[in-house]
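Quick look at upload-v5.cif (mmCIF, N, CA and C atoms):
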data_start
loop_
_atom_site.group_PDB
_atom_site.id
_atom_site.type_symbol
_atom_site.label_atom_id
_atom_site.label_comp_id
_atom_site.auth_asym_id
_atom_site.auth_seq_id
_atom_site.Cartn_x
_atom_site.Cartn_y
_atom_site.Cartn_z
ATOM 1 N N MET I 771 -3.898 19.747 -5.532
ATOM 2 C CA MET I 771 -3.140 19.409 -4.338
ATOM 3 C C MET I 771 -2.082 18.381 -4.696
ATOM 4 N N ASP I 772 -0.873 18.626 -4.245
ATOM 5 C CA ASP I 772 0.210 17.664 -4.442
ATOM 6 C C ASP I 772 0.051 16.567 -3.393
ATOM 7 N N THR I 773 -0.242 15.361 -3.844
ATOM 8 C CA THR I 773 -0.496 14.260 -2.916
ATOM 9 C C THR I 773 0.754 13.453 -2.576
ATOM 10 N N THR I 774 1.902 13.886 -3.049
ATOM 11 C CA THR I 774 3.138 13.138 -2.832
ATOM 12 C C THR I 774 3.412 12.913 -1.342
ATOM 13 N N GLN I 775 3.291 13.948 -0.541
ATOM 14 C CA GLN I 775 3.557 13.823 0.892
ATOM 15 C C GLN I 775 2.501 12.953 1.573
ATOM 16 N N LEU I 776 1.258 13.094 1.161
ATOM 17 C CA LEU I 776 0.203 12.243 1.717
ATOM 18 C C LEU I 776 0.480 10.779 1.408
ATOM 19 N N LEU I 777 0.907 10.512 0.184
ATOM 20 C CA LEU I 777 1.177 9.149 -0.250
ATOM 21 C C LEU I 777 2.295 8.518 0.571
ATOM 22 N N LYS I 778 3.329 9.286 0.882
ATOM 23 C CA LYS I 778 4.434 8.760 1.692
ATOM 24 C C LYS I 778 3.938 8.251 3.033
ATOM 25 N N GLY I 779 2.955 8.942 3.601
ATOM 26 C CA GLY I 779 2.444 8.574 4.906
ATOM 27 C C GLY I 779 1.553 7.348 4.922
ATOM 28 N N VAL I 780 1.033 6.972 3.762
ATOM 29 C CA VAL I 780 0.091 5.846 3.725
ATOM 30 C C VAL I 780 0.562 4.696 2.840
ATOM 31 N N LEU I 781 1.763 4.766 2.319
ATOM 32 C CA LEU I 781 2.211 3.743 1.379
ATOM 33 C C LEU I 781 2.318 2.365 2.028
ATOM 34 N N ASP I 782 2.796 2.295 3.254
ATOM 35 C CA ASP I 782 2.895 0.990 3.919
ATOM 36 C C ASP I 782 1.527 0.315 3.999
ATOM 37 N N VAL I 783 0.540 1.041 4.492
ATOM 38 C CA VAL I 783 -0.791 0.445 4.657
ATOM 39 C C VAL I 783 -1.417 0.135 3.298
ATOM 40 N N ALA I 784 -1.158 0.952 2.298
ATOM 41 C CA ALA I 784 -1.698 0.691 0.957
ATOM 42 C C ALA I 784 -1.098 -0.583 0.374
ATOM 43 N N VAL I 785 0.204 -0.765 0.526
ATOM 44 C CA VAL I 785 0.870 -1.967 0.017
ATOM 45 C C VAL I 785 0.368 -3.199 0.764
ATOM 46 N N LEU I 786 0.261 -3.107 2.080
ATOM 47 C CA LEU I 786 -0.257 -4.244 2.847
ATOM 48 C C LEU I 786 -1.674 -4.607 2.403
ATOM 49 N N ALA I 787 -2.501 -3.603 2.157
ATOM 50 C CA ALA I 787 -3.875 -3.869 1.719
ATOM 51 C C ALA I 787 -3.906 -4.555 0.354
ATOM 52 N N VAL I 788 -3.020 -4.151 -0.537
ATOM 53 C CA VAL I 788 -2.974 -4.750 -1.876
ATOM 54 C C VAL I 788 -2.540 -6.215 -1.797
ATOM 55 N N VAL I 789 -1.499 -6.499 -1.028
ATOM 56 C CA VAL I 789 -1.024 -7.890 -0.976
ATOM 57 C C VAL I 789 -1.885 -8.753 -0.059
ATOM 58 N N GLU I 790 -2.722 -8.119 0.759
ATOM 59 C CA GLU I 790 -3.674 -8.913 1.541
ATOM 60 C C GLU I 790 -4.695 -9.562 0.608
ATOM 61 N N ARG I 791 -5.081 -8.828 -0.414
ATOM 62 C CA ARG I 791 -6.070 -9.351 -1.368
ATOM 63 C C ARG I 791 -5.495 -10.470 -2.224
ATOM 64 N N GLU I 792 -4.237 -10.272 -2.636
ATOM 65 C CA GLU I 792 -3.584 -11.265 -3.498
ATOM 66 C C GLU I 792 -2.084 -10.996 -3.502
ATOM 67 N N ASP I 793 -1.290 -12.055 -3.391
ATOM 68 C CA ASP I 793 0.159 -11.906 -3.480
ATOM 69 C C ASP I 793 0.514 -11.204 -4.784
ATOM 70 N N GLY I 794 1.642 -10.524 -4.800
ATOM 71 C CA GLY I 794 2.052 -9.856 -6.026
ATOM 72 C C GLY I 794 3.537 -9.567 -6.055
ATOM 73 N N TYR I 795 4.064 -9.379 -7.257
ATOM 74 C CA TYR I 795 5.458 -8.971 -7.441
ATOM 75 C C TYR I 795 5.480 -7.450 -7.563
ATOM 76 N N GLY I 796 6.649 -6.862 -7.527
ATOM 77 C CA GLY I 796 6.796 -5.413 -7.462
ATOM 78 C C GLY I 796 5.933 -4.618 -8.410
ATOM 79 N N TYR I 797 6.104 -4.828 -9.714
ATOM 80 C CA TYR I 797 5.359 -3.997 -10.651
ATOM 81 C C TYR I 797 3.863 -4.293 -10.600
ATOM 82 N N ASP I 798 3.494 -5.507 -10.269
ATOM 83 C CA ASP I 798 2.076 -5.854 -10.119
ATOM 84 C C ASP I 798 1.455 -5.037 -8.980
ATOM 85 N N VAL I 799 2.177 -4.884 -7.883
ATOM 86 C CA VAL I 799 1.693 -4.082 -6.765
ATOM 87 C C VAL I 799 1.557 -2.624 -7.201
ATOM 88 N N VAL I 800 2.540 -2.109 -7.924
ATOM 89 C CA VAL I 800 2.476 -0.735 -8.447
ATOM 90 C C VAL I 800 1.234 -0.574 -9.316
ATOM 91 N N ARG I 801 1.017 -1.493 -10.227
ATOM 92 C CA ARG I 801 -0.129 -1.433 -11.139
ATOM 93 C C ARG I 801 -1.453 -1.431 -10.372
ATOM 94 N N ARG I 802 -1.564 -2.278 -9.362
ATOM 95 C CA ARG I 802 -2.807 -2.345 -8.590
ATOM 96 C C ARG I 802 -3.034 -1.084 -7.753
ATOM 97 N N LEU I 803 -1.963 -0.514 -7.209
ATOM 98 C CA LEU I 803 -2.104 0.745 -6.480
ATOM 99 C C LEU I 803 -2.580 1.860 -7.413
ATOM 100 N N ARG I 804 -2.002 1.924 -8.590
ATOM 101 C CA ARG I 804 -2.410 2.951 -9.558
ATOM 102 C C ARG I 804 -3.846 2.737 -9.995
ATOM 103 N N ALA I 805 -4.237 1.502 -10.220
ATOM 104 C CA ALA I 805 -5.615 1.198 -10.621
ATOM 105 C C ALA I 805 -6.609 1.575 -9.522
ATOM 106 N N ALA I 806 -6.149 1.549 -8.276
ATOM 107 C CA ALA I 806 -7.009 1.897 -7.149
ATOM 108 C C ALA I 806 -7.121 3.409 -6.947
ATOM 109 N N GLY I 807 -6.391 4.179 -7.751
ATOM 110 C CA GLY I 807 -6.494 5.632 -7.670
ATOM 111 C C GLY I 807 -5.247 6.344 -7.189
ATOM 112 N N LEU I 808 -4.209 5.605 -6.862
ATOM 113 C CA LEU I 808 -2.948 6.222 -6.428
ATOM 114 C C LEU I 808 -2.011 6.332 -7.627
ATOM 115 N N GLU I 809 -2.442 7.123 -8.611
ATOM 116 C CA GLU I 809 -1.716 7.219 -9.878
ATOM 117 C C GLU I 809 -0.304 7.743 -9.734
ATOM 118 N N GLU I 810 -0.043 8.536 -8.703
ATOM 119 C CA GLU I 810 1.266 9.166 -8.551
ATOM 120 C C GLU I 810 2.289 8.289 -7.842
ATOM 121 N N VAL I 811 1.909 7.076 -7.471
ATOM 122 C CA VAL I 811 2.836 6.223 -6.741
ATOM 123 C C VAL I 811 4.020 5.862 -7.635
ATOM 124 N N GLY I 812 5.217 5.964 -7.096
ATOM 125 C CA GLY I 812 6.419 5.678 -7.862
ATOM 126 C C GLY I 812 6.875 4.243 -7.685
ATOM 127 N N GLU I 813 7.419 3.690 -8.735
ATOM 128 C CA GLU I 813 7.889 2.308 -8.688
ATOM 129 C C GLU I 813 8.961 2.129 -7.614
ATOM 130 N N ALA I 814 9.924 3.024 -7.566
ATOM 131 C CA ALA I 814 11.006 2.898 -6.592
ATOM 132 C C ALA I 814 10.470 2.929 -5.168
ATOM 133 N N SER I 815 9.478 3.756 -4.911
ATOM 134 C CA SER I 815 8.884 3.830 -3.576
ATOM 135 C C SER I 815 8.213 2.522 -3.194
ATOM 136 N N VAL I 816 7.512 1.926 -4.136
ATOM 137 C CA VAL I 816 6.832 0.659 -3.849
ATOM 138 C C VAL I 816 7.836 -0.458 -3.636
ATOM 139 N N TYR I 817 8.853 -0.543 -4.491
ATOM 140 C CA TYR I 817 9.867 -1.581 -4.323
ATOM 141 C C TYR I 817 10.564 -1.438 -2.961
ATOM 142 N N GLY I 818 10.882 -0.211 -2.578
ATOM 143 C CA GLY I 818 11.502 0.028 -1.275
ATOM 144 C C GLY I 818 10.577 -0.341 -0.126
ATOM 145 N N THR I 819 9.306 -0.041 -0.274
ATOM 146 C CA THR I 819 8.323 -0.386 0.751
ATOM 147 C C THR I 819 8.177 -1.894 0.887
ATOM 148 N N LEU I 820 8.132 -2.598 -0.234
ATOM 149 C CA LEU I 820 8.060 -4.056 -0.186
ATOM 150 C C LEU I 820 9.270 -4.642 0.535
ATOM 151 N N ARG I 821 10.459 -4.148 0.202
ATOM 152 C CA ARG I 821 11.675 -4.650 0.853
ATOM 153 C C ARG I 821 11.667 -4.354 2.351
ATOM 154 N N ARG I 822 11.242 -3.143 2.713
ATOM 155 C CA ARG I 822 11.220 -2.760 4.124
ATOM 156 C C ARG I 822 10.193 -3.585 4.903
ATOM 157 N N LEU I 823 8.994 -3.787 4.330
ATOM 158 C CA LEU I 823 7.975 -4.585 5.008
ATOM 159 C C LEU I 823 8.425 -6.038 5.142
ATOM 160 N N TYR I 824 9.123 -6.537 4.125
ATOM 161 C CA TYR I 824 9.663 -7.900 4.196
ATOM 162 C C TYR I 824 10.717 -7.992 5.305
ATOM 163 N N ALA I 825 11.620 -7.030 5.340
ATOM 164 C CA ALA I 825 12.688 -7.036 6.347
ATOM 165 C C ALA I 825 12.131 -6.910 7.762
ATOM 166 N N SER I 826 11.000 -6.218 7.908
ATOM 167 C CA SER I 826 10.405 -6.050 9.238
ATOM 168 C C SER I 826 9.586 -7.262 9.664
ATOM 169 N N GLY I 827 9.400 -8.221 8.757
ATOM 170 C CA GLY I 827 8.669 -9.432 9.090
ATOM 171 C C GLY I 827 7.193 -9.402 8.767
ATOM 172 N N ALA I 828 6.722 -8.344 8.098
ATOM 173 C CA ALA I 828 5.298 -8.215 7.787
ATOM 174 C C ALA I 828 4.899 -8.954 6.514
ATOM 175 N N LEU I 829 5.875 -9.264 5.659
ATOM 176 C CA LEU I 829 5.607 -9.956 4.404
ATOM 177 C C LEU I 829 6.501 -11.181 4.273
ATOM 178 N N ALA I 830 5.992 -12.171 3.583
ATOM 179 C CA ALA I 830 6.784 -13.328 3.171
ATOM 180 C C ALA I 830 7.062 -13.155 1.688
ATOM 181 N N SER I 831 8.068 -13.838 1.181
ATOM 182 C CA SER I 831 8.345 -13.749 -0.256
ATOM 183 C C SER I 831 8.689 -15.123 -0.798
ATOM 184 N N TYR I 832 8.494 -15.265 -2.111
ATOM 185 C CA TYR I 832 8.854 -16.489 -2.815
ATOM 186 C C TYR I 832 9.090 -16.132 -4.277
ATOM 187 N N VAL I 833 9.849 -16.958 -4.951
ATOM 188 C CA VAL I 833 10.207 -16.697 -6.340
ATOM 189 C C VAL I 833 9.406 -17.626 -7.244
ATOM 190 N N VAL I 834 8.883 -17.047 -8.326
ATOM 191 C CA VAL I 834 8.127 -17.812 -9.320
ATOM 192 C C VAL I 834 8.871 -17.710 -10.644
ATOM 193 N N PRO I 835 9.245 -18.857 -11.235
ATOM 194 C CA PRO I 835 9.902 -18.827 -12.541
ATOM 195 C C PRO I 835 8.973 -18.244 -13.607
ATOM 196 N N SER I 836 9.560 -17.606 -14.595
ATOM 197 C CA SER I 836 8.783 -17.026 -15.685
ATOM 198 C C SER I 836 9.361 -17.470 -17.014
ATOM 199 N N ASP I 837 8.494 -17.875 -17.927
ATOM 200 C CA ASP I 837 8.925 -18.250 -19.272
ATOM 201 C C ASP I 837 9.201 -17.026 -20.132
ATOM 202 N N GLU I 838 8.687 -15.870 -19.692
ATOM 203 C CA GLU I 838 8.765 -14.655 -20.505
ATOM 204 C C GLU I 838 9.837 -13.673 -20.048
ATOM 205 N N GLY I 839 10.699 -14.071 -19.144
ATOM 206 C CA GLY I 839 11.718 -13.153 -18.652
ATOM 207 C C GLY I 839 12.283 -13.657 -17.347
ATOM 208 N N PRO I 840 12.847 -12.739 -16.566
ATOM 209 C CA PRO I 840 13.455 -13.155 -15.298
ATOM 210 C C PRO I 840 12.399 -13.657 -14.315
ATOM 211 N N HIS I 841 12.844 -14.453 -13.354
ATOM 212 C CA HIS I 841 11.958 -14.926 -12.305
ATOM 213 C C HIS I 841 11.396 -13.734 -11.537
ATOM 214 N N ARG I 842 10.210 -13.900 -10.983
ATOM 215 C CA ARG I 842 9.580 -12.805 -10.244
ATOM 216 C C ARG I 842 9.521 -13.145 -8.761
ATOM 217 N N LYS I 843 9.850 -12.144 -7.951
ATOM 218 C CA LYS I 843 9.772 -12.300 -6.503
ATOM 219 C C LYS I 843 8.400 -11.800 -6.063
ATOM 220 N N TYR I 844 7.601 -12.713 -5.549
ATOM 221 C CA TYR I 844 6.261 -12.385 -5.076
ATOM 222 C C TYR I 844 6.293 -12.122 -3.580
ATOM 223 N N TYR I 845 5.402 -11.245 -3.143
ATOM 224 C CA TYR I 845 5.254 -10.937 -1.725
ATOM 225 C C TYR I 845 3.826 -11.257 -1.311
ATOM 226 N N GLY I 846 3.704 -11.805 -0.113
ATOM 227 C CA GLY I 846 2.393 -12.094 0.458
ATOM 228 C C GLY I 846 2.390 -11.695 1.923
ATOM 229 N N ILE I 847 1.243 -11.339 2.410
ATOM 230 C CA ILE I 847 1.121 -10.911 3.802
ATOM 231 C C ILE I 847 1.130 -12.138 4.717
ATOM 232 N N ASN I 848 1.698 -11.971 5.897
ATOM 233 C CA ASN I 848 1.717 -13.053 6.874
ATOM 234 C C ASN I 848 0.970 -12.583 8.131
ATOM 235 N N ALA I 849 1.008 -13.379 9.196
ATOM 236 C CA ALA I 849 0.255 -13.043 10.415
ATOM 237 C C ALA I 849 0.695 -11.703 11.004
ATOM 238 N N GLN I 850 2.000 -11.451 11.037
ATOM 239 C CA GLN I 850 2.486 -10.175 11.567
ATOM 240 C C GLN I 850 2.009 -9.010 10.700
ATOM 241 N N GLY I 851 2.030 -9.192 9.392
ATOM 242 C CA GLY I 851 1.555 -8.157 8.485
ATOM 243 C C GLY I 851 0.062 -7.905 8.625
ATOM 244 N N ARG I 852 -0.702 -8.973 8.841
ATOM 245 C CA ARG I 852 -2.149 -8.809 9.043
ATOM 246 C C ARG I 852 -2.437 -8.014 10.312
ATOM 247 N N ALA I 853 -1.697 -8.308 11.368
ATOM 248 C CA ALA I 853 -1.868 -7.563 12.622
ATOM 249 C C ALA I 853 -1.507 -6.094 12.417
ATOM 250 N N MET I 854 -0.419 -5.844 11.679
ATOM 251 C CA MET I 854 0.000 -4.474 11.384
ATOM 252 C C MET I 854 -1.066 -3.757 10.561
ATOM 253 N N LEU I 855 -1.610 -4.446 9.566
ATOM 254 C CA LEU I 855 -2.635 -3.853 8.709
ATOM 255 C C LEU I 855 -3.889 -3.521 9.512
ATOM 256 N N GLU I 856 -4.308 -4.402 10.386
ATOM 257 C CA GLU I 856 -5.504 -4.141 11.194
ATOM 258 C C GLU I 856 -5.293 -2.922 12.095
ATOM 259 N N ALA I 857 -4.130 -2.806 12.705
ATOM 260 C CA ALA I 857 -3.832 -1.640 13.549
ATOM 261 C C ALA I 857 -3.827 -0.364 12.709
ATOM 262 N N GLN I 858 -3.248 -0.428 11.515
ATOM 263 C CA GLN I 858 -3.194 0.752 10.646
ATOM 264 C C GLN I 858 -4.567 1.104 10.098
ATOM 265 N N ARG I 859 -5.406 0.105 9.865
ATOM 266 C CA ARG I 859 -6.792 0.389 9.436
ATOM 267 C C ARG I 859 -7.524 1.182 10.514
ATOM 268 N N LYS I 860 -7.380 0.763 11.756
ATOM 269 C CA LYS I 860 -8.026 1.455 12.871
ATOM 270 C C LYS I 860 -7.513 2.892 12.948
ATOM 271 N N ASP I 861 -6.194 3.051 12.903
ATOM 272 C CA ASP I 861 -5.605 4.389 12.941
ATOM 273 C C ASP I 861 -6.116 5.245 11.789
ATOM 274 N N TRP I 862 -6.182 4.660 10.593
ATOM 275 C CA TRP I 862 -6.641 5.409 9.417
ATOM 276 C C TRP I 862 -8.078 5.876 9.591
ATOM 277 N N HIS I 863 -8.954 4.998 10.055
ATOM 278 C CA HIS I 863 -10.359 5.383 10.220
ATOM 279 C C HIS I 863 -10.507 6.514 11.231
ATOM 280 N N GLU I 864 -9.767 6.461 12.325
ATOM 281 C CA GLU I 864 -9.810 7.541 13.316
ATOM 282 C C GLU I 864 -9.291 8.845 12.728
ATOM 283 N N PHE I 865 -8.188 8.764 11.995
ATOM 284 C CA PHE I 865 -7.596 9.956 11.384
ATOM 285 C C PHE I 865 -8.526 10.549 10.328
ATOM 286 N N ALA I 866 -9.065 9.688 9.464
ATOM 287 C CA ALA I 866 -9.951 10.157 8.390
ATOM 288 C C ALA I 866 -11.216 10.794 8.966
ATOM 289 N N THR I 867 -11.745 10.231 10.030
ATOM 290 C CA THR I 867 -12.927 10.800 10.669
ATOM 291 C C THR I 867 -12.618 12.190 11.217
ATOM 292 N N ALA I 868 -11.477 12.326 11.874
ATOM 293 C CA ALA I 868 -11.085 13.627 12.420
ATOM 294 C C ALA I 868 -10.871 14.651 11.308
ATOM 295 N N MET I 869 -10.201 14.261 10.237
ATOM 296 C CA MET I 869 -9.946 15.195 9.127
ATOM 297 C C MET I 869 -11.245 15.582 8.429
ATOM 298 N N THR I 870 -12.136 14.623 8.246
ATOM 299 C CA THR I 870 -13.425 14.931 7.618
ATOM 300 C C THR I 870 -14.180 15.958 8.449
ATOM 301 N N ALA I 871 -14.172 15.781 9.760
ATOM 302 C CA ALA I 871 -14.851 16.734 10.637
ATOM 303 C C ALA I 871 -14.215 18.124 10.534
ATOM 304 N N LEU I 872 -12.895 18.178 10.461
ATOM 305 C CA LEU I 872 -12.216 19.462 10.338
ATOM 306 C C LEU I 872 -12.504 20.154 9.009
ATOM 307 N N LEU I 873 -12.633 19.369 7.959
ATOM 308 C CA LEU I 873 -12.790 19.946 6.623
ATOM 309 C C LEU I 873 -14.242 20.219 6.235
ATOM 310 N N GLU I 874 -15.179 19.770 7.028
ATOM 311 C CA GLU I 874 -16.590 20.029 6.739
ATOM 312 C C GLU I 874 -16.821 21.533 6.704
ATOM 313 N N THR I 875 -17.523 21.994 5.694
ATOM 314 C CA THR I 875 -17.800 23.425 5.588
ATOM 315 C C THR I 875 -19.251 23.757 5.892
ATOM 316 N N GLU I 876 -20.093 22.745 5.956
ATOM 317 C CA GLU I 876 -21.508 22.980 6.237
ATOM 318 C C GLU I 876 -21.659 23.545 7.641
ATOM 319 N N GLY I 877 -22.369 24.621 7.749
ATOM 320 C CA GLY I 877 -22.613 25.218 9.050
ATOM 321 C C GLY I 877 -21.491 26.109 9.555
ATOM 322 N N VAL I 878 -20.471 26.331 8.766
ATOM 323 C CA VAL I 878 -19.360 27.180 9.163
ATOM 324 C C VAL I 878 -19.643 28.594 8.683
ATOM 325 N N ASP I 879 -19.537 29.561 9.595
ATOM 326 C CA ASP I 879 -19.714 30.964 9.204
ATOM 327 C C ASP I 879 -18.501 31.412 8.412
ATOM 328 N N ARG I 880 -18.763 32.143 7.345
ATOM 329 C CA ARG I 880 -17.666 32.650 6.518
ATOM 330 C C ARG I 880 -17.630 34.138 6.568
#
Using C-alpha coordinates, write down the structure that the file contains.
Amino acid sequence: MDTTQLLKGVLDVAVLAVVEREDGYGYDVVRRLRAAGLEEVGEASVYGTLRRLYASGALASYVVPSDEGPHRKYYGINAQGRAMLEAQRKDWHEFATAMTALLETEGVDR
(Lines of atoms letter the chains of each structure in order from A and count residues from 1; the text may use other names and numbers.)
(Lines give C-alpha, C1' and ligand atoms only; values in the text may rest on other atoms or scores of the structure.)
Protein backbone atom coordinates (compact mmCIF):
# COMPACT_ATOMS: atom_id res chain seq x y z
CA MET A 1 0.00 0.00 0.00
CA ASP A 2 1.27 3.44 -0.90
CA THR A 3 1.08 5.36 2.37
CA THR A 4 1.98 8.74 0.86
CA GLN A 5 -1.61 10.01 0.84
CA LEU A 6 -2.26 8.68 4.34
CA LEU A 7 0.87 10.43 5.58
CA LYS A 8 -0.26 13.78 4.16
CA GLY A 9 -3.42 13.55 6.23
CA VAL A 10 -1.65 12.89 9.52
CA LEU A 11 1.61 14.80 9.22
CA ASP A 12 0.46 17.76 11.32
CA VAL A 13 -0.56 15.58 14.25
CA ALA A 14 2.58 13.43 13.91
CA VAL A 15 4.84 16.50 14.01
CA LEU A 16 2.97 17.94 16.99
CA ALA A 17 3.30 14.62 18.82
CA VAL A 18 7.05 14.50 18.16
CA VAL A 19 7.73 18.03 19.39
CA GLU A 20 5.43 17.53 22.37
CA ARG A 21 7.89 14.93 23.65
CA GLU A 22 10.94 17.10 23.02
CA ASP A 23 11.74 20.26 21.07
CA GLY A 24 13.55 19.62 17.83
CA TYR A 25 15.02 21.16 14.69
CA GLY A 26 13.87 20.17 11.20
CA TYR A 27 16.02 17.16 10.44
CA ASP A 28 15.75 15.93 14.04
CA VAL A 29 11.96 15.86 13.66
CA VAL A 30 12.32 13.97 10.35
CA ARG A 31 14.65 11.44 12.01
CA ARG A 32 12.27 10.87 14.92
CA LEU A 33 9.27 10.43 12.62
CA ARG A 34 11.18 7.86 10.58
CA ALA A 35 12.34 6.06 13.72
CA ALA A 36 8.70 5.87 14.81
CA GLY A 37 7.82 3.99 11.63
CA LEU A 38 6.99 6.76 9.15
CA GLU A 39 9.94 5.88 6.92
CA GLU A 40 8.44 7.50 3.83
CA VAL A 41 8.15 10.97 5.35
CA GLY A 42 9.93 13.55 3.21
CA GLU A 43 12.19 16.23 4.57
CA ALA A 44 10.53 18.99 2.54
CA SER A 45 7.10 17.96 3.84
CA VAL A 46 8.26 18.10 7.44
CA TYR A 47 10.01 21.45 7.03
CA GLY A 48 6.86 22.87 5.41
CA THR A 49 4.69 21.45 8.18
CA LEU A 50 6.92 22.97 10.86
CA ARG A 51 6.74 26.38 9.17
CA ARG A 52 2.97 26.16 8.74
CA LEU A 53 2.37 25.07 12.36
CA TYR A 54 4.64 27.89 13.54
CA ALA A 55 2.81 30.44 11.38
CA SER A 56 -0.55 29.22 12.72
CA GLY A 57 0.62 29.76 16.30
CA ALA A 58 0.83 26.09 17.32
CA LEU A 59 4.63 26.08 17.71
CA ALA A 60 7.22 28.40 19.18
CA SER A 61 10.74 28.57 17.79
CA TYR A 62 14.20 29.56 18.96
CA VAL A 63 17.70 29.42 17.52
CA VAL A 64 20.53 27.42 19.08
CA PRO A 65 24.12 28.15 18.03
CA SER A 66 26.12 25.18 16.79
CA ASP A 67 29.88 24.68 16.87
CA GLU A 68 29.60 22.11 14.08
CA GLY A 69 27.78 24.15 11.44
CA PRO A 70 24.99 26.65 11.00
CA HIS A 71 22.72 27.60 13.88
CA ARG A 72 19.67 25.38 14.27
CA LYS A 73 16.09 26.58 14.54
CA TYR A 74 14.30 24.52 17.16
CA TYR A 75 10.53 24.16 17.42
CA GLY A 76 8.56 23.45 20.56
CA ILE A 77 4.87 23.04 21.19
CA ASN A 78 2.98 25.79 23.01
CA ALA A 79 -0.47 25.96 24.66
CA GLN A 80 -2.28 26.44 21.34
CA GLY A 81 -0.39 23.51 19.84
CA ARG A 82 -1.21 21.31 22.82
CA ALA A 83 -4.91 22.11 22.45
CA MET A 84 -4.68 21.33 18.72
CA LEU A 85 -2.88 18.05 19.43
CA GLU A 86 -5.47 16.96 22.00
CA ALA A 87 -8.32 17.66 19.55
CA GLN A 88 -6.50 15.76 16.79
CA ARG A 89 -5.80 12.84 19.14
CA LYS A 90 -9.53 12.55 19.85
CA ASP A 91 -10.35 12.75 16.14
CA TRP A 92 -7.69 10.14 15.35
CA HIS A 93 -8.97 7.66 17.93
CA GLU A 94 -12.54 7.98 16.62
CA PHE A 95 -11.37 7.60 13.02
CA ALA A 96 -9.07 4.65 13.79
CA THR A 97 -11.85 2.88 15.70
CA ALA A 98 -14.25 3.31 12.78
CA MET A 99 -11.68 2.10 10.23
CA THR A 100 -10.73 -0.89 12.37
CA ALA A 101 -14.39 -1.88 12.57
CA LEU A 102 -14.76 -1.54 8.80
CA LEU A 103 -11.65 -3.58 8.07
CA GLU A 104 -12.36 -6.42 10.48
CA THR A 105 -12.80 -9.64 8.54
CA GLU A 106 -13.78 -11.93 11.39
CA GLY A 107 -17.37 -12.99 11.03
CA VAL A 108 -17.73 -11.62 7.51
CA ASP A 109 -19.28 -13.98 4.96
CA ARG A 110 -17.17 -14.35 1.85
Using only C-alpha atoms: which of I:Ser815, I:Ser826, I:Gln775, I:Thr867 has the shortest distance to I:Ile847:
I:Ser826
Output of the PyMOL selection byres ((chain I and resi 780-789) around 8), listed as a list in words:
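Selected by the PyMOL selection byres ((chain I and resi 780-789) around 8) in this file: Gln775, Leu776, Leu777, Lys778, Gly779, Glu790, Arg791, Glu792, Asp793, Gly794, Val799, Arg802, Leu803, Ser815, Val816, Thr819, Leu820, Leu823, Ala828, Tyr845, Gly846, Ile847, Asn848, Gly851, Arg852, Met854, Leu855, Gln858 and Arg859 of chain I.
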Size and centre in Å, one decimal, axis-aligned box, all listed stretch 822-826 of chain I atoms plus 5 Å per side, as AutoDock Vina command-line options:
--center_x 10.3 --center_y -5.4 --center_z 6.2 --size_x 14.7 --size_y 15.2 --size_z 17.0
Chain I: residues DSSP assigns to strand (DSSP E or B), reported as an mmCIF file with N, CA and C atoms, in the coordinates of the input:
data_model
loop_
_atom_site.group_PDB
_atom_site.id
_atom_site.type_symbol
_atom_site.label_atom_id
_atom_site.label_comp_id
_atom_site.auth_asym_id
_atom_site.auth_seq_id
_atom_site.Cartn_x
_atom_site.Cartn_y
_atom_site.Cartn_z
ATOM 1 N N GLY I 794 1.642 -10.524 -4.800
ATOM 2 C CA GLY I 794 2.052 -9.856 -6.026
ATOM 3 C C GLY I 794 3.537 -9.567 -6.055
ATOM 4 N N TYR I 795 4.064 -9.379 -7.257
ATOM 5 C CA TYR I 795 5.458 -8.971 -7.441
ATOM 6 C C TYR I 795 5.480 -7.450 -7.563
ATOM 7 N N LEU I 829 5.875 -9.264 5.659
ATOM 8 C CA LEU I 829 5.607 -9.956 4.404
ATOM 9 C C LEU I 829 6.501 -11.181 4.273
ATOM 10 N N ALA I 830 5.992 -12.171 3.583
ATOM 11 C CA ALA I 830 6.784 -13.328 3.171
ATOM 12 C C ALA I 830 7.062 -13.155 1.688
ATOM 13 N N SER I 831 8.068 -13.838 1.181
ATOM 14 C CA SER I 831 8.345 -13.749 -0.256
ATOM 15 C C SER I 831 8.689 -15.123 -0.798
ATOM 16 N N TYR I 832 8.494 -15.265 -2.111
ATOM 17 C CA TYR I 832 8.854 -16.489 -2.815
ATOM 18 C C TYR I 832 9.090 -16.132 -4.277
ATOM 19 N N VAL I 833 9.849 -16.958 -4.951
ATOM 20 C CA VAL I 833 10.207 -16.697 -6.340
ATOM 21 C C VAL I 833 9.406 -17.626 -7.244
ATOM 22 N N VAL I 834 8.883 -17.047 -8.326
ATOM 23 C CA VAL I 834 8.127 -17.812 -9.320
ATOM 24 C C VAL I 834 8.871 -17.710 -10.644
ATOM 25 N N ARG I 842 10.210 -13.900 -10.983
ATOM 26 C CA ARG I 842 9.580 -12.805 -10.244
ATOM 27 C C ARG I 842 9.521 -13.145 -8.761
ATOM 28 N N LYS I 843 9.850 -12.144 -7.951
ATOM 29 C CA LYS I 843 9.772 -12.300 -6.503
ATOM 30 C C LYS I 843 8.400 -11.800 -6.063
ATOM 31 N N TYR I 844 7.601 -12.713 -5.549
ATOM 32 C CA TYR I 844 6.261 -12.385 -5.076
ATOM 33 C C TYR I 844 6.293 -12.122 -3.580
ATOM 34 N N TYR I 845 5.402 -11.245 -3.143
ATOM 35 C CA TYR I 845 5.254 -10.937 -1.725
ATOM 36 C C TYR I 845 3.826 -11.257 -1.311
ATOM 37 N N GLY I 846 3.704 -11.805 -0.113
ATOM 38 C CA GLY I 846 2.393 -12.094 0.458
ATOM 39 C C GLY I 846 2.390 -11.695 1.923
ATOM 40 N N ILE I 847 1.243 -11.339 2.410
ATOM 41 C CA ILE I 847 1.121 -10.911 3.802
ATOM 42 C C ILE I 847 1.130 -12.138 4.717
#
Identify which of the residues I:Glu856, I:Ala814, I:Tyr844, I:Leu872 lies closest to I:Tyr832, counting only C-alpha atoms when measuring atom-to-atom distances.
I:Tyr844
So the first atom is atom CA of I:Gly796 and the second is atom CA of I:His863; what is the distance between them in Å, to one decimal place?
26.9 Å
Which is closest to I:Val811 among I:Tyr795, I:Tyr824, I:Thr774, I:Pro840, if we use only N, CA and C atoms?
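Smallest separation from I:Val811 among the options: I:Thr774.
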What does the structure give for the distance between atom C of I:Ala849 and atom N of I:Leu829, in Å to one decimal?
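Result for atom C of I:Ala849 versus atom N of I:Leu829: 7.8 Å, one decimal.
You will find atom N of I:Arg822 at 13.8 Å from atom N of I:Val800.
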Looking at only C-alpha atoms, which of I:Glu874, I:Asp837, I:Asp772, I:Asp861 is the one that sits closest to I:Glu810?
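Selected residue with least distance to I:Glu810: I:Asp772.
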Which residues in chain I does DSSP call helix (DSSP H, G or I)? List them as number ranges by chain.
I: 774-791, 796-805, 813-825, 849-873
